[in-house]
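Engineer: My file is structure-v7.cif. It has mmCIF, C-alpha atoms:
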```
data_data
loop_
_atom_site.group_PDB
_atom_site.id
_atom_site.type_symbol
_atom_site.label_atom_id
_atom_site.label_comp_id
_atom_site.auth_asym_id
_atom_site.auth_seq_id
_atom_site.Cartn_x
_atom_site.Cartn_y
_atom_site.Cartn_z
ATOM 1 C CA MET U 31 72.015 -77.196 137.962
ATOM 2 C CA GLU U 32 68.977 -77.420 140.190
ATOM 3 C CA TYR U 33 66.193 -74.916 140.575
ATOM 4 C CA THR U 34 63.376 -74.369 143.030
ATOM 5 C CA THR U 35 60.518 -71.940 142.493
ATOM 6 C CA LYS U 36 58.887 -69.980 145.284
ATOM 7 C CA ASN U 37 55.742 -67.905 144.795
ATOM 8 C CA THR U 38 55.323 -64.974 147.139
ATOM 9 C CA GLY U 39 52.051 -63.576 145.850
ATOM 10 C CA ASP U 40 52.976 -61.081 143.191
ATOM 11 C CA THR U 41 56.463 -62.496 142.609
ATOM 12 C CA ASP U 42 57.913 -65.795 141.457
ATOM 13 C CA GLU U 43 61.427 -66.373 142.764
ATOM 14 C CA VAL U 44 63.597 -69.014 141.122
ATOM 15 C CA LEU U 45 66.561 -70.148 143.220
ATOM 16 C CA LEU U 46 69.379 -71.635 141.140
ATOM 17 C CA SER U 47 72.161 -73.815 142.549
ATOM 18 C CA GLY U 48 75.105 -75.802 141.171
ATOM 19 C CA LYS U 49 76.506 -74.954 137.738
ATOM 20 C CA LEU U 50 74.613 -73.179 134.942
ATOM 21 C CA THR U 51 76.260 -74.104 131.629
ATOM 22 C CA PHE U 52 75.725 -75.080 127.995
ATOM 23 C CA GLU U 53 74.344 -78.409 129.267
ATOM 24 C CA HIS U 54 71.292 -76.889 130.935
ATOM 25 C CA GLN U 55 69.385 -75.431 127.998
ATOM 26 C CA LYS U 56 66.581 -78.006 128.163
ATOM 27 C CA MET U 57 66.180 -77.632 131.921
ATOM 28 C CA PHE U 58 65.996 -73.855 131.496
ATOM 29 C CA ARG U 59 63.353 -74.191 128.800
ATOM 30 C CA GLN U 60 61.282 -76.224 131.271
ATOM 31 C CA MET U 61 61.821 -73.567 133.954
ATOM 32 C CA ILE U 62 60.696 -70.787 131.604
ATOM 33 C CA SER U 63 57.559 -72.790 130.677
ATOM 34 C CA GLU U 64 56.685 -73.105 134.370
ATOM 35 C CA LEU U 65 57.185 -69.371 134.941
ATOM 36 C CA LYS U 66 54.956 -68.529 131.970
ATOM 37 C CA GLU U 67 52.118 -70.499 133.554
ATOM 38 C CA SER U 68 52.238 -68.398 136.728
ATOM 39 C CA SER U 69 49.981 -65.365 137.163
ATOM 40 C CA SER U 70 52.617 -63.325 139.046
ATOM 41 C CA ASN U 71 53.784 -59.970 137.689
ATOM 42 C CA ARG U 72 57.445 -60.274 138.656
ATOM 43 C CA TRP U 73 60.152 -62.887 138.154
ATOM 44 C CA VAL U 74 63.294 -62.834 140.329
ATOM 45 C CA ILE U 75 66.137 -65.181 139.410
ATOM 46 C CA ASP U 76 68.247 -65.764 142.508
ATOM 47 C CA LEU U 77 71.894 -66.582 141.717
ATOM 48 C CA VAL U 78 73.218 -66.287 145.282
ATOM 49 C CA ASN U 79 73.740 -70.060 145.594
ATOM 50 C CA LEU U 80 74.888 -70.601 142.009
ATOM 51 C CA GLU U 81 78.502 -71.834 142.014
ATOM 52 C CA TYR U 82 79.533 -71.432 138.375
ATOM 53 C CA ILE U 83 78.252 -70.005 135.107
ATOM 54 C CA ASP U 84 79.575 -70.000 131.531
ATOM 55 C CA SER U 85 78.671 -67.800 128.554
ATOM 56 C CA ALA U 86 75.797 -70.124 127.569
ATOM 57 C CA GLY U 87 74.451 -69.752 131.123
ATOM 58 C CA LEU U 88 74.589 -65.959 130.795
ATOM 59 C CA GLY U 89 72.644 -66.317 127.547
ATOM 60 C CA LEU U 90 70.000 -68.416 129.316
ATOM 61 C CA LEU U 91 69.519 -65.674 131.917
ATOM 62 C CA LEU U 92 69.018 -63.127 129.135
ATOM 63 C CA ARG U 93 66.560 -65.531 127.512
ATOM 64 C CA VAL U 94 64.432 -65.431 130.706
ATOM 65 C CA LYS U 95 64.435 -61.634 130.524
ATOM 66 C CA SER U 96 63.489 -61.675 126.852
ATOM 67 C CA VAL U 97 60.535 -64.023 127.527
ATOM 68 C CA GLY U 98 59.569 -61.992 130.620
ATOM 69 C CA ASP U 99 59.536 -58.780 128.557
ATOM 70 C CA LYS U 100 57.263 -60.423 125.984
ATOM 71 C CA GLU U 101 54.943 -61.719 128.723
ATOM 72 C CA GLY U 102 54.774 -58.290 130.392
ATOM 73 C CA LYS U 103 56.664 -59.408 133.543
ATOM 74 C CA ASP U 104 59.250 -57.408 135.464
ATOM 75 C CA THR U 105 62.352 -59.578 135.658
ATOM 76 C CA ALA U 106 65.319 -59.104 137.982
ATOM 77 C CA LEU U 107 68.449 -60.942 139.116
ATOM 78 C CA ARG U 108 69.599 -61.404 142.701
ATOM 79 C CA VAL U 109 73.379 -61.640 142.431
ATOM 80 C CA PRO U 110 76.075 -63.023 144.719
ATOM 81 C CA LYS U 111 78.548 -60.526 146.231
ATOM 82 C CA GLU U 112 81.638 -62.546 145.298
ATOM 83 C CA GLY U 113 82.849 -65.669 143.511
ATOM 84 C CA GLN U 114 82.976 -66.826 139.895
ATOM 85 C CA VAL U 115 79.340 -65.922 139.124
ATOM 86 C CA ASN U 116 79.819 -62.387 140.442
ATOM 87 C CA GLN U 117 83.009 -62.036 138.394
ATOM 88 C CA MET U 118 81.314 -63.257 135.208
ATOM 89 C CA LEU U 119 78.387 -60.868 135.640
ATOM 90 C CA GLU U 120 80.760 -57.966 136.261
ATOM 91 C CA VAL U 121 83.009 -58.698 133.271
ATOM 92 C CA SER U 122 79.905 -59.097 131.079
ATOM 93 C CA ARG U 123 78.452 -55.794 132.373
ATOM 94 C CA PHE U 124 75.204 -57.549 133.222
ATOM 95 C CA ASP U 125 74.168 -54.614 135.411
ATOM 96 C CA GLN U 126 73.541 -52.752 132.130
ATOM 97 C CA LEU U 127 71.394 -55.561 130.734
ATOM 98 C CA PHE U 128 69.338 -56.819 133.659
ATOM 99 C CA PRO U 129 67.822 -55.085 136.716
ATOM 100 C CA TYR U 130 69.279 -56.336 140.016
ATOM 101 C CA ALA U 131 66.865 -57.109 142.886
ATOM 102 C CA MET C 925 111.163 -78.291 127.602
ATOM 103 C CA VAL C 926 107.841 -80.158 127.593
ATOM 104 C CA ILE C 927 107.150 -81.916 130.891
ATOM 105 C CA SER C 928 104.025 -83.777 129.791
ATOM 106 C CA THR C 929 101.570 -83.995 126.913
ATOM 107 C CA LYS C 930 98.080 -85.433 126.945
ATOM 108 C CA THR C 931 95.341 -85.424 124.291
ATOM 109 C CA TYR C 932 91.579 -85.775 124.694
ATOM 110 C CA GLU C 933 89.056 -86.291 121.897
ATOM 111 C CA PHE C 934 85.480 -85.002 121.869
ATOM 112 C CA GLN C 935 82.424 -84.802 119.637
ATOM 113 C CA THR C 936 79.311 -84.306 121.793
ATOM 114 C CA PRO C 937 78.162 -82.108 124.707
ATOM 115 C CA SER C 938 78.521 -85.040 127.104
ATOM 116 C CA ASP C 939 82.066 -85.660 125.791
ATOM 117 C CA ILE C 940 82.891 -82.033 126.671
ATOM 118 C CA SER C 941 81.629 -82.466 130.246
ATOM 119 C CA ARG C 942 83.553 -85.746 130.607
ATOM 120 C CA VAL C 943 86.801 -84.289 129.220
ATOM 121 C CA ILE C 944 86.562 -81.171 131.411
ATOM 122 C CA ALA C 945 86.023 -83.366 134.486
ATOM 123 C CA SER C 946 89.061 -85.503 133.510
ATOM 124 C CA ILE C 947 91.245 -82.421 132.972
ATOM 125 C CA LEU C 948 90.271 -80.926 136.344
ATOM 126 C CA GLU C 949 90.931 -84.255 138.050
ATOM 127 C CA GLU C 950 94.329 -84.678 136.430
ATOM 128 C CA TYR C 951 95.465 -81.023 136.586
ATOM 129 C CA SER C 952 93.884 -79.557 139.723
ATOM 130 C CA TYR C 953 95.720 -76.227 139.233
ATOM 131 C CA LEU C 954 93.777 -75.735 135.977
ATOM 132 C CA GLU C 955 90.555 -74.975 137.861
ATOM 133 C CA MET C 956 90.819 -71.374 136.668
ATOM 134 C CA ALA C 957 91.095 -72.672 133.092
ATOM 135 C CA GLU C 958 87.685 -74.393 133.211
ATOM 136 C CA LEU C 959 85.789 -71.462 131.710
ATOM 137 C CA ALA C 960 88.116 -70.735 128.784
ATOM 138 C CA VAL C 961 88.641 -74.395 127.896
ATOM 139 C CA THR C 962 84.898 -75.140 128.062
ATOM 140 C CA GLU C 963 84.081 -72.099 125.917
ATOM 141 C CA MET C 964 86.656 -73.112 123.300
ATOM 142 C CA MET C 965 85.423 -76.727 123.277
ATOM 143 C CA VAL C 966 81.766 -75.714 122.876
ATOM 144 C CA ASN C 967 82.740 -73.357 120.036
ATOM 145 C CA ALA C 968 84.748 -76.152 118.381
ATOM 146 C CA MET C 969 81.727 -78.450 118.532
ATOM 147 C CA GLU C 970 78.926 -76.005 117.644
ATOM 148 C CA HIS C 971 80.553 -73.520 115.266
ATOM 149 C CA GLY C 972 83.448 -75.705 114.079
ATOM 150 C CA ASN C 973 82.499 -79.332 113.529
ATOM 151 C CA LEU C 974 78.721 -78.849 113.366
ATOM 152 C CA GLY C 975 78.908 -75.691 111.233
ATOM 153 C CA ILE C 976 76.301 -73.688 113.191
ATOM 154 C CA SER C 977 76.781 -70.059 112.107
ATOM 155 C CA TYR C 978 76.462 -67.051 114.425
ATOM 156 C CA GLU C 979 73.154 -66.119 112.775
ATOM 157 C CA GLU C 980 71.805 -69.679 113.050
ATOM 158 C CA LYS C 981 72.678 -69.779 116.730
ATOM 159 C CA SER C 982 70.864 -66.467 117.326
ATOM 160 C CA ARG C 983 67.740 -67.927 115.733
ATOM 161 C CA LEU C 984 68.035 -71.240 117.623
ATOM 162 C CA LEU C 985 68.471 -69.494 120.991
ATOM 163 C CA ASN C 986 65.299 -67.510 120.436
ATOM 164 C CA THR C 987 63.337 -70.740 120.069
ATOM 165 C CA ASP C 988 65.304 -72.677 122.748
ATOM 166 C CA ASP C 989 66.388 -75.175 120.104
ATOM 167 C CA VAL C 990 70.216 -75.126 120.199
ATOM 168 C CA MET C 991 70.608 -78.547 121.792
ATOM 169 C CA ASN C 992 68.028 -80.101 119.432
ATOM 170 C CA GLU C 993 70.009 -78.765 116.473
ATOM 171 C CA VAL C 994 73.300 -80.024 117.980
ATOM 172 C CA GLU C 995 71.791 -83.492 118.453
ATOM 173 C CA LYS C 996 70.367 -83.439 114.921
ATOM 174 C CA ARG C 997 73.696 -82.467 113.328
ATOM 175 C CA LEU C 998 75.626 -85.034 115.382
ATOM 176 C CA LYS C 999 73.604 -87.681 113.487
ATOM 177 C CA ASP C 1000 73.855 -85.921 110.092
ATOM 178 C CA PRO C 1001 76.292 -87.707 107.713
ATOM 179 C CA GLN C 1002 77.677 -84.277 106.705
ATOM 180 C CA TYR C 1003 79.012 -83.652 110.248
ATOM 181 C CA ARG C 1004 78.978 -86.865 112.299
ATOM 182 C CA GLY C 1005 82.449 -88.128 111.388
ATOM 183 C CA ARG C 1006 84.183 -84.963 112.592
ATOM 184 C CA ASN C 1007 86.356 -85.037 115.688
ATOM 185 C CA ALA C 1008 87.772 -82.330 117.898
ATOM 186 C CA PHE C 1009 90.765 -82.507 120.205
ATOM 187 C CA VAL C 1010 92.215 -80.883 123.293
ATOM 188 C CA GLU C 1011 95.972 -81.206 123.753
ATOM 189 C CA ILE C 1012 97.531 -80.168 127.040
ATOM 190 C CA LYS C 1013 101.276 -79.527 127.150
ATOM 191 C CA GLU C 1014 102.887 -78.707 130.472
ATOM 192 C CA PHE C 1015 106.047 -76.634 130.498
ATOM 193 C CA HIS C 1016 108.012 -75.552 133.547
ATOM 194 C CA ASP C 1017 106.063 -72.349 134.262
ATOM 195 C CA GLU C 1018 103.083 -72.501 131.919
ATOM 196 C CA THR C 1019 100.547 -74.889 130.445
ATOM 197 C CA VAL C 1020 99.590 -74.621 126.793
ATOM 198 C CA ILE C 1021 96.189 -75.941 125.739
ATOM 199 C CA LEU C 1022 95.446 -76.453 122.042
ATOM 200 C CA ILE C 1023 91.841 -76.987 120.958
ATOM 201 C CA CYS C 1024 91.247 -77.920 117.328
ATOM 202 C CA ASP C 1025 88.289 -79.033 115.256
ATOM 203 C CA GLU C 1026 87.654 -80.195 111.685
ATOM 204 C CA GLY C 1027 85.332 -77.349 110.679
ATOM 205 C CA SER C 1028 86.031 -74.576 108.215
ATOM 206 C CA GLY C 1029 86.839 -71.873 110.772
ATOM 207 C CA PHE C 1030 85.163 -68.526 111.410
ATOM 208 C CA ALA C 1031 85.875 -64.786 111.463
ATOM 209 C CA TRP C 1032 87.674 -64.975 114.825
ATOM 210 C CA LYS C 1033 89.163 -61.490 114.523
ATOM 211 C CA ASP C 1034 85.667 -60.044 115.081
ATOM 212 C CA TYR C 1035 85.505 -61.495 118.610
ATOM 213 C CA LEU C 1036 88.815 -60.556 120.233
ATOM 214 C CA ASP C 1037 87.660 -57.524 122.222
ATOM 215 C CA LYS C 1038 87.945 -58.046 125.999
ATOM 216 C CA ASP C 1039 85.376 -55.318 126.586
ATOM 217 C CA LEU C 1040 81.938 -56.920 126.776
ATOM 218 C CA SER C 1041 79.936 -53.739 127.301
ATOM 219 C CA LYS C 1042 78.896 -53.701 123.632
ATOM 220 C CA VAL C 1043 77.619 -57.295 123.603
ATOM 221 C CA LYS C 1044 73.889 -57.253 124.320
ATOM 222 C CA GLY C 1045 72.608 -60.448 122.669
ATOM 223 C CA LEU C 1046 71.946 -63.978 123.936
ATOM 224 C CA HIS C 1047 75.391 -65.188 122.786
ATOM 225 C CA GLY C 1048 78.762 -64.040 121.447
ATOM 226 C CA ARG C 1049 80.538 -63.622 124.824
ATOM 227 C CA GLY C 1050 82.578 -66.843 124.983
ATOM 228 C CA ILE C 1051 85.825 -65.644 123.405
ATOM 229 C CA SER C 1052 85.834 -62.256 125.162
ATOM 230 C CA LEU C 1053 85.165 -63.906 128.519
ATOM 231 C CA SER C 1054 87.916 -66.448 127.879
ATOM 232 C CA LEU C 1055 90.366 -63.632 127.135
ATOM 233 C CA ASN C 1056 89.649 -62.332 130.633
ATOM 234 C CA PHE C 1057 90.391 -65.696 132.237
ATOM 235 C CA CYS C 1058 93.622 -66.881 130.582
ATOM 236 C CA LYS C 1059 97.154 -65.559 130.049
ATOM 237 C CA THR C 1060 96.917 -65.516 126.246
ATOM 238 C CA LEU C 1061 94.451 -66.812 123.676
ATOM 239 C CA THR C 1062 95.629 -67.168 120.083
ATOM 240 C CA TYR C 1063 93.700 -68.301 117.028
ATOM 241 C CA ILE C 1064 95.604 -69.907 114.199
ATOM 242 C CA GLY C 1065 94.755 -69.695 110.496
ATOM 243 C CA ASN C 1066 91.027 -69.870 109.728
ATOM 244 C CA GLY C 1067 90.135 -70.287 113.401
ATOM 245 C CA ASN C 1068 89.730 -74.040 113.755
ATOM 246 C CA LYS C 1069 92.771 -74.103 116.038
ATOM 247 C CA VAL C 1070 93.097 -72.024 119.176
ATOM 248 C CA ILE C 1071 95.811 -71.993 121.831
ATOM 249 C CA ALA C 1072 95.109 -70.899 125.403
ATOM 250 C CA VAL C 1073 98.038 -70.403 127.800
ATOM 251 C CA PHE C 1074 97.819 -70.536 131.598
ATOM 252 C CA ASP C 1075 100.386 -70.091 134.355
ATOM 253 C CA ARG C 1076 101.618 -73.357 135.805
ATOM 254 C CA PRO C 1077 102.416 -73.063 139.502
ATOM 255 C CA ASP C 1078 105.356 -74.872 141.088
ATOM 256 C CA VAL C 1079 103.997 -78.314 141.880
#
```
What's the structure tokens form of this structure?
Structural biologist:
Amino acid sequence: MEYTTKNTGDTDEVLLSGKLTFEHQKMFRQMISELKESSSNRWVIDLVNLEYIDSAGLGLLLRVKSVGDKEGKDTALRVPKEGQVNQMLEVSRFDQLFPYA
Amino acid sequence: MVISTKTYEFQTPSDISRVIASILEEYSYLEMAELAVTEMMVNAMEHGNLGISYEEKSRLLNTDDVMNEVEKRLKDPQYRGRNAFVEIKEFHDETVILICDEGSGFAWKDYLDKDLSKVKGLHGRGISLSLNFCKTLTYIGNGNKVIAVFDRPDV
């Protein structure tokens, strides 16, 4: 997985690419630390270019939301319209757990 | 009649990545099996061989410490000698994948619901998701053996 962070004033957008799996817990922890240092009010996690996700990856996304809630940030996902990631989010009913941007 | 059988051994997270890459290289039609096989292998390592309970994993995820605990237990004499295996058997029209570990099993019957709408936590989706992405998924005995079946196209 790779991530790039873009600040657009009030919002931090994190663009994820590649695969988000059980192997990326440490990288995600680093990403969350960076987000916590920002003064923005909103975090958007962009999954449009993410190719693949497993259940651990879904858990990492929920971890961002949990930290965001504690930090008083609005968190949202930008989701792809098709592909494996879309299918995983649908089967997991993520629309009930996470606001979509 | 069995057309081919191959066995892979794994212990660590990097072993899992290496074995998955080897399987996908050798059996390109198993691309759709990647999710279920990975989920079963991670479960075999974390909950099977390394004995991390559901409750312990919940706590570790909330402090971002799962991988640290995995690395710690992989060096712990209580767990470090344990192996896990993936066996792939190809039949004419289906491929049967057995994943087994040397742990003491778990309450697998609690996780066999395909409907994920009730799962809200940071983990606990792996088996249900896998059920959605394979033909059948069957646990044996105490749960340290699981068999996933996939269609095998004419090749």
Engineer: Could you put an axis-aligned box around every listed atom of range 931-936 of chain C, padded by 5 Å on each side, and send me its centre and edge lengths in Å to one decimal, as JSON?
Structural biologist:
```
{"center_x": 87.3, "center_y": -85.3, "center_z": 122.2, "size_x": 26.0, "size_y": 12.0, "size_z": 15.1}
```
Engineer: Counting all atoms listed in the file, which of U:Pro110, U:Ser85, U:Glu120, U:Gly98 gets nearest to chain C?
Structural biologist: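 Closest to chain C, using all atoms listed in the file: U:Ser85.
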Engineer: Closest to Leu50 in chain U among U:Val74, U:Ser122, U:Glu32, U:Ser96, using all atoms listed in the file?
Structural biologist: U:Glu32
Engineer: Determine which residues of chain C sit within 6 Å of chain U, taking into account only C-alpha atoms, and present them as a PyMOL selection string.
Structural biologist: chain C and resi 1040-1041+1046-1047+1049-1050
Engineer: Between C:Leu985, C:Ile1071, C:Met965, C:Val994, which one has atoms that come closest to Phe934 in chain C, using all atoms listed in the file?
Structural biologist: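 The shortest atom-to-atom distance to Phe934 in chain C comes from C:Met965.
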Engineer: Applying the PyMOL selection byres ((chain U and resi 73) around 8) to the file I just gave you, which residues come out? Please list them as a PyMOL selection string.
Structural biologist: chain U and resi 41-44+65+70-72+74-75+98+103-106
Engineer: Determine, counting only C-alpha atoms, every residue of protein, DNA or RNA that lies within 9 Å of (75.3, -74.4, 119.6) in the file coordinates, then give the result as a list of chain:residue names.
Structural biologist: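 Residues satisfying the cut-off, written out: U:Phe52, C:Val966, C:Asn967, C:Met969, C:Glu970, C:His971, C:Leu974, C:Ile976, C:Ser977, C:Glu980, C:Lys981, C:Leu984, C:Leu985, C:Asp989, C:Val990, C:Met991, C:Glu993, C:Val994.
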Engineer: Can you tell me which residues surround range 1002-1019 of chain C at a distance of at most 9 Å, considering all atoms listed in the file, apart from same-chain residues fewer than 3 positions away, and format the answer as an NGL selection string?
Structural biologist: :C and (925-935 or 943 or 947 or 954 or 961 or 965 or 968-969 or 972-975 or 997-999 or 1022-1027 or 1072-1078)
Engineer: Given the PyMOL selection byres ((chain C and resi 1064) around 12) and the file above, list the residues it selects as a PDB file with C-alpha atoms, in the coordinates of the input.
Structural biologist:
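Dumped to result17.pdb:
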```pdb
ATOM      1  CA  LEU C1022      95.446 -76.453 122.042  1.00  0.00           C
ATOM      2  CA  ILE C1023      91.841 -76.987 120.958  1.00  0.00           C
ATOM      3  CA  CYS C1024      91.247 -77.920 117.328  1.00  0.00           C
ATOM      4  CA  ASP C1025      88.289 -79.033 115.256  1.00  0.00           C
ATOM      5  CA  GLY C1029      86.839 -71.873 110.772  1.00  0.00           C
ATOM      6  CA  PHE C1030      85.163 -68.526 111.410  1.00  0.00           C
ATOM      7  CA  ALA C1031      85.875 -64.786 111.463  1.00  0.00           C
ATOM      8  CA  TRP C1032      87.674 -64.975 114.825  1.00  0.00           C
ATOM      9  CA  LYS C1033      89.163 -61.490 114.523  1.00  0.00           C
ATOM     10  CA  LEU C1061      94.451 -66.812 123.676  1.00  0.00           C
ATOM     11  CA  THR C1062      95.629 -67.168 120.083  1.00  0.00           C
ATOM     12  CA  TYR C1063      93.700 -68.301 117.028  1.00  0.00           C
ATOM     13  CA  GLY C1065      94.755 -69.695 110.496  1.00  0.00           C
ATOM     14  CA  ASN C1066      91.027 -69.870 109.728  1.00  0.00           C
ATOM     15  CA  GLY C1067      90.135 -70.287 113.401  1.00  0.00           C
ATOM     16  CA  ASN C1068      89.730 -74.040 113.755  1.00  0.00           C
ATOM     17  CA  LYS C1069      92.771 -74.103 116.038  1.00  0.00           C
ATOM     18  CA  VAL C1070      93.097 -72.024 119.176  1.00  0.00           C
ATOM     19  CA  ILE C1071      95.811 -71.993 121.831  1.00  0.00           C
ATOM     20  CA  ALA C1072      95.109 -70.899 125.403  1.00  0.00           C
TER      21      ALA C1072
END
```
Engineer: Rank nothing, just name the residue among C:Ser1028, C:Ile940, C:Gly1045, C:Ala960 nearest to Asn986 in chain C, using only C-alpha atoms.
Structural biologist: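 Comparing C:Ser1028, C:Ile940, C:Gly1045, C:Ala960 against Asn986 in chain C, the winner is C:Gly1045.
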Engineer: Could you state which residues are captured by the PyMOL selection byres ((chain U and resi 76) around 6) in this file, as a PyMOL selection string?
Structural biologist: chain U and resi 44-45+75+77-78+107-108
Engineer: I'd like to know which of U:Asp40, U:Val115, U:Phe128, U:Leu46 is closest to Met61 in chain U, using only C-alpha atoms.
Structural biologist: U:Leu46
Engineer: Starting from the structure just given, write a file holding range 979-1002 of chain C with N, CA and C atoms, as a short mmCIF file (atom, residue, chain, number, x, y, z; two decimals), in the first residue's frame.
Structural biologist:
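Result file out-v6.cif:
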```
data_model
loop_
_atom_site.label_atom_id
_atom_site.label_comp_id
_atom_site.auth_asym_id
_atom_site.auth_seq_id
_atom_site.Cartn_x
_atom_site.Cartn_y
_atom_site.Cartn_z
N GLU C 979 -10.84 -11.57 22.17
CA GLU C 979 -10.81 -10.42 23.08
C GLU C 979 -9.44 -9.75 23.07
N GLU C 980 -8.37 -10.57 23.03
CA GLU C 980 -7.02 -9.99 22.98
C GLU C 980 -6.83 -9.18 21.70
N LYS C 981 -7.36 -9.71 20.60
CA LYS C 981 -7.19 -8.99 19.33
C LYS C 981 -7.94 -7.66 19.37
N SER C 982 -9.13 -7.65 19.97
CA SER C 982 -9.88 -6.39 20.09
C SER C 982 -9.04 -5.35 20.83
N ARG C 983 -8.43 -5.77 21.94
CA ARG C 983 -7.62 -4.85 22.73
C ARG C 983 -6.39 -4.38 21.94
N LEU C 984 -5.74 -5.32 21.24
CA LEU C 984 -4.52 -4.98 20.49
C LEU C 984 -4.82 -4.03 19.33
N LEU C 985 -5.99 -4.21 18.68
CA LEU C 985 -6.34 -3.32 17.57
C LEU C 985 -6.58 -1.91 18.06
N ASN C 986 -7.12 -1.77 19.25
CA ASN C 986 -7.39 -0.44 19.78
C ASN C 986 -6.14 0.31 20.18
N THR C 987 -5.01 -0.40 20.27
CA THR C 987 -3.75 0.29 20.57
C THR C 987 -2.76 0.12 19.40
N ASP C 988 -3.26 -0.35 18.26
CA ASP C 988 -2.43 -0.55 17.05
C ASP C 988 -1.24 -1.46 17.30
N ASP C 989 -1.44 -2.49 18.12
CA ASP C 989 -0.31 -3.32 18.53
C ASP C 989 -0.38 -4.78 18.06
N VAL C 990 -1.25 -5.09 17.10
CA VAL C 990 -1.39 -6.50 16.70
C VAL C 990 -0.08 -7.07 16.18
N MET C 991 0.56 -6.33 15.27
CA MET C 991 1.78 -6.87 14.66
C MET C 991 2.91 -7.00 15.68
N ASN C 992 2.97 -6.06 16.66
CA ASN C 992 3.99 -6.19 17.70
C ASN C 992 3.77 -7.47 18.51
N GLU C 993 2.50 -7.76 18.80
CA GLU C 993 2.19 -8.97 19.57
C GLU C 993 2.51 -10.22 18.75
N VAL C 994 2.18 -10.18 17.44
CA VAL C 994 2.50 -11.32 16.57
C VAL C 994 4.01 -11.57 16.57
N GLU C 995 4.78 -10.49 16.40
CA GLU C 995 6.24 -10.64 16.38
C GLU C 995 6.77 -11.15 17.72
N LYS C 996 6.16 -10.67 18.80
CA LYS C 996 6.60 -11.11 20.14
C LYS C 996 6.33 -12.62 20.31
N ARG C 997 5.12 -13.04 19.94
CA ARG C 997 4.77 -14.46 20.14
C ARG C 997 5.54 -15.38 19.19
N LEU C 998 5.92 -14.87 18.02
CA LEU C 998 6.71 -15.72 17.10
C LEU C 998 8.07 -16.07 17.70
N LYS C 999 8.52 -15.26 18.67
CA LYS C 999 9.81 -15.54 19.33
C LYS C 999 9.62 -16.26 20.67
N ASP C 1000 8.37 -16.37 21.13
CA ASP C 1000 8.07 -16.96 22.44
C ASP C 1000 8.18 -18.49 22.34
N PRO C 1001 8.98 -19.12 23.23
CA PRO C 1001 9.15 -20.58 23.16
C PRO C 1001 7.81 -21.34 23.20
N GLN C 1002 6.78 -20.75 23.81
CA GLN C 1002 5.47 -21.43 23.88
C GLN C 1002 4.85 -21.61 22.48
#
```
